[in-house]
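Visitor: The following block contains the structure, expressed as structure tokens.
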Amino acid sequence: MTQKPSHRVDPHLVIEKYDPEAELMLMHFGPQHPSTHGVFRMDLFLDGEIIVKAVPHCGYLHRAVEKLCEKLAYVQITPIVDKNDYVAPMTNEQSLVMIFEAMLKLEVPRRARWIRTIFAELQRIASHLLWLGTFSLDLGGALGGGTTVFMYCFRERELILDLFEEVTGARFHYNTHTIGGNRHDLPKGWSQKVLAAMDTIAQRIPEYEAMTTQNRIFQQRTRGVGVLDGELALELGITGPILRASGIDHDLRRDAPFHAYDEVKVNVKTAEGGDCLARAEVRVEEMKESVRLVREMVGAVPEGPINSGKPVKLPVQTKIPVGQTYVGIETPRGELGGWLVADGTQFPYRLKIRPPSLHAVSALPYLLPGQTVSDAIAILGSLDPIMGEVDR
Amino acid sequence: MNDFIHGSLYGGGIIVVLLTVTAMALWFERKMAGRMHSRLGPTIVGPFGLLQPVADVVKLLQKEDITPEKADAALFNLAPPMGAIAAIAVAAVIPFSSSIVAADLEVGVLYLLAIGALGVLPVFIAGWGSNNKFAMLGGMRAIAQSVSYEVPLVLAAMVPVILSGSMKVSDIVAYQAAHHWMVTWPFFLGIPAFAIFMLAMLAEANRIPFDIPEAESELVAGITTEYTGMKFALFYVAEYVHTLVASAVGAALFLGGWDGPFAPGIWWMVAKTLVLFAFIYWTRYSLLRFRSDQLMALCWRWLVPTGVVLVAASAVWVVFAG
């Protein structure tokens, strides 16, 4: 455990005391801003270009999903949570369905668990690709080198969306997980297509590295910027790549295996430094690791049923017995958890979703002060917050 | 009187050609960016999307012309035409061939540096007059950047002046035609000076990796945040003309201008200008953006000292070897 730093930023700085002459500039950063695109706002108190205090405001994308879920039957909830983390919908569904399965004590067939693992890893690649693209866009501008990386990343992400489309029929909001298994089986010849896509991506990841993490301008913009120490990250409940970039070796895929992660070896990538560069490097390394995992697993999917095979006359009438449970899984952004309180009817009494991005955003008041406006964008981008998930 | 007629005719011609080329440069940039991004670029309007700039301009003309209520209307409206004029005016002293030049001033290099430096004023006026925090930050960054990069720009431009012994741009080109291009001999002075000159010109024209004043991912659109329609377009015209003219100046001062075998001088000049122009856009779509303080560090730590050394070395070279 690292030493508690004495110079930790005070996120609750009283501006009136700090600046009695009122010489600071208050800048409303968003929601009408290209980098927050309508869903997020930060109030930045600026001294010149240096940020003195940052107050993030969430809630622009609040859709009352948790409340809505209380009025929906369990099977109807899966397509709704797809829209929470709209960059990684697969893992959202999985987290939710796994809560129901845990409550119903349903055994998920091995084949379904393998398919879910492959989906999760593919989704991780897609999500990190999108992150890399948008992060470069934040650093490089919509009319510059940033767009080039962005376009390349989207080109490869498209390959993965095509793969998902072939299985589920949807490119984005899949609704492919049901309680007790999967809805769609893998089509014939899918694994060859996956391998081909993985070859393309594995070949191109070094290109992205050359354009981003190994690029001198990129390094200058990210090294030492937004340093998050591991202890603060743990205090704030930050998980996923951000935590691992701060040197804390924590990954639910290895530490609390779900799906079929207990049958494969996951190499968890960590980095020291905790700055934007470390976060970028961790994500790029994770992409490589995911490519390796998918390559290893896709050819070896076991035969068998893809769901627990209990015929249900009316899926909407699925009732969950009284009780409560928490299930958390590792998504591309960190630990996505769900806490379900069931009252024995076909509707949840309460469904609390624990999004990793919310905790990431909560680090902003600590990371931003002392940095410039340009760095603020880099830091915000490096935390990879998906506002649909933060606000729900 | 003769000079006046000559100036107006050639000047008018050069302006018309320059603005047309700027429009096509827009198409070229988009097409090139598209290819670099592994997409097609404009294809719909006209053959190969060639009419895309026309469509863009027509669209911008249709937009409502908004002056924000709290803005300083006079300054706000003054800035865009001023920016465009400052950018176009530099073209006056560039010799496009041995005879095609609008005004062959005795102090041509001084003129183009001075007018080029004027380009920062409309940027600041726009940033201040918009009464917008993003615009103001952009304006402040622009001031810091342009004033800093003025120094290496002048130092780099001094090298060909010292080597050729004249401030007249056509004399410098003629000197290169008679002797060597500045980048070929003495290359140890010419190439670094050329590199510094192009870098500083990029910074002056607010091009990536130096497009910090309008950094759209940070400052929305920087100084142009509040501008709409043709006023916005004028800033763009100014930027593109500035890039184009910077390429032409670079070609004239360092790459021998209209000097070249087999073809008339004008073709060589146009070809060199366009190659430099394409190079600028190639850079633009390859690199990310610097941060403001890093940009300043680059300028004061590397470009200015190197420029001073180059100027001193050119003087020594002229005295002892030239």
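Here's how to read the names in the structure tokens: chain A, B, ... by the order shown, residue numbers from 1 in each chain, ligand numbers from 1 in the order shown.
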At a cut-off of 6 Å, can you tabulate as CSV every residue of chain A near chain B together with its closest atom pair and the distance in Å to one decimal, using only C-alpha atoms and ordering rows by chain then number?
Guide:
```
residue,atom,partner,partner_atom,distance
A:His33,CA,B:Val220,CA,5.9
A:Pro34,CA,B:Ser217,CA,5.9
A:Ser35,CA,B:Ser217,CA,5.5
A:Asp138,CA,B:Ser217,CA,5.3
A:Gly140,CA,B:Leu288,CA,4.0
A:Gly141,CA,B:Ser217,CA,5.6
A:Gly144,CA,B:Tyr285,CA,4.5
A:Gly145,CA,B:Tyr285,CA,4.1
A:Gly146,CA,B:Leu288,CA,5.9
A:Thr148,CA,B:His37,CA,5.3
A:Met151,CA,B:His37,CA,5.8
A:Ser374,CA,B:Glu218,CA,5.9
```
Visitor: Just the selected residues (N, CA and C atoms), exported as a PDB file, in the first residue's frame, please.
Guide:
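Dumped everything to selection29.pdb:
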```
ATOM      1  N   HIS A  33     -20.710  21.201 -24.812  1.00  0.00           N
ATOM      2  CA  HIS A  33     -19.287  21.253 -25.109  1.00  0.00           C
ATOM      3  C   HIS A  33     -18.933  20.003 -25.894  1.00  0.00           C
ATOM      4  N   PRO A  34     -18.118  20.127 -26.935  1.00  0.00           N
ATOM      5  CA  PRO A  34     -17.838  18.955 -27.775  1.00  0.00           C
ATOM      6  C   PRO A  34     -17.296  17.762 -26.999  1.00  0.00           C
ATOM      7  N   SER A  35     -16.582  18.012 -25.896  1.00  0.00           N
ATOM      8  CA  SER A  35     -15.983  16.895 -25.190  1.00  0.00           C
ATOM      9  C   SER A  35     -16.907  16.293 -24.141  1.00  0.00           C
ATOM     10  N   ASP A 138      -9.965  13.727 -28.114  1.00  0.00           N
ATOM     11  CA  ASP A 138      -9.860  14.764 -27.091  1.00  0.00           C
ATOM     12  C   ASP A 138      -8.496  15.432 -27.132  1.00  0.00           C
ATOM     13  N   GLY A 140      -6.285  15.349 -29.784  1.00  0.00           N
ATOM     14  CA  GLY A 140      -5.800  15.803 -31.081  1.00  0.00           C
ATOM     15  C   GLY A 140      -6.759  16.628 -31.882  1.00  0.00           C
ATOM     16  N   GLY A 141      -7.989  16.730 -31.423  1.00  0.00           N
ATOM     17  CA  GLY A 141      -8.900  17.594 -32.144  1.00  0.00           C
ATOM     18  C   GLY A 141      -9.628  16.894 -33.266  1.00  0.00           C
ATOM     19  N   GLY A 144      -7.784  16.926 -36.833  1.00  0.00           N
ATOM     20  CA  GLY A 144      -6.358  16.703 -36.742  1.00  0.00           C
ATOM     21  C   GLY A 144      -6.045  15.246 -36.578  1.00  0.00           C
ATOM     22  N   GLY A 145      -4.857  14.978 -36.031  1.00  0.00           N
ATOM     23  CA  GLY A 145      -4.422  13.602 -35.905  1.00  0.00           C
ATOM     24  C   GLY A 145      -5.348  12.756 -35.065  1.00  0.00           C
ATOM     25  N   GLY A 146      -6.089  13.405 -34.153  1.00  0.00           N
ATOM     26  CA  GLY A 146      -7.010  12.660 -33.321  1.00  0.00           C
ATOM     27  C   GLY A 146      -8.047  11.917 -34.139  1.00  0.00           C
ATOM     28  N   THR A 148      -7.760  10.759 -37.053  1.00  0.00           N
ATOM     29  CA  THR A 148      -7.188   9.623 -37.764  1.00  0.00           C
ATOM     30  C   THR A 148      -7.229   8.379 -36.890  1.00  0.00           C
ATOM     31  N   MET A 151     -10.847   7.240 -36.465  1.00  0.00           N
ATOM     32  CA  MET A 151     -11.400   6.505 -37.610  1.00  0.00           C
ATOM     33  C   MET A 151     -10.852   5.083 -37.650  1.00  0.00           C
ATOM     34  N   SER A 374      -6.536  22.245 -20.880  1.00  0.00           N
ATOM     35  CA  SER A 374      -6.210  21.187 -21.837  1.00  0.00           C
ATOM     36  C   SER A 374      -6.074  19.846 -21.131  1.00  0.00           C
TER      37      SER A 374
END
```
Visitor: Within 9 Å of Asp10 (chain A), counting only C-alpha atoms, which residues qualify if same-chain residues fewer than 4 places away don't, as an NGL selection string?
Guide: :A and (53 or 365-366 or 369)
Visitor: Could you name the residues that touch Leu61 (chain B) at 10 Å or less, counting only C-alpha atoms, but leaving out those on the same chain fewer than 3 positions away, as a PyMOL selection string?
Guide: chain B and resi 55-58+64-65+228-231+233
Visitor: So that I can see what lies close to Tyr236 (chain B), please list as a list of chain:residue names the residues with an atom at most 10 Å from it, counting only C-alpha atoms and leaving out residues fewer than 6 positions away in the same chain.
Guide: B:Thr22, B:Leu26, B:Pro80, B:Gly83, B:Ala84, B:Thr224, B:Met230, B:His242
Visitor: So, with only C-alpha atoms as the atoms that count, which of A:Gly381, A:Gly338, A:Gly181, A:Gly237 lies closest to Ile306 (chain A)?
Guide: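 Using only C-alpha atoms, Ile306 (chain A) sits closest to A:Gly181.
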Visitor: From the DSSP assignment of the backbone, select every residue of region 206-349 of chain A that is helix (DSSP H, G or I), and format the answer as a ChimeraX atom specification.
Guide: /A:206-211,216-222,230-235,241-245,252-255,276-298,315-317
Visitor: Please report the interatomic distance between CA of Leu159 (chain A) and CA of Leu186 (chain A) in Å with one decimal.
Guide: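 According to the coordinates, CA of Leu159 (chain A) and CA of Leu186 (chain A) are separated by 16.3 Å.
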Visitor: Leaving out Asp19 (chain A) and any residue of its chain fewer than 3 positions from it, which residues lie within 12 Å of it when counting only C-alpha atoms, given as a PyMOL selection string?
Guide: chain A and resi 13-16+22-26+45-47+52-53
Visitor: Go through region 158-389 of chain A and collect every residue that DSSP, computed from the backbone, puts in strand (DSSP E or B); the answer should be as a VMD selection string.
Guide: chain A and resid 177 to 178 181 to 182 307 323 to 331 334 to 342 348 to 354 372
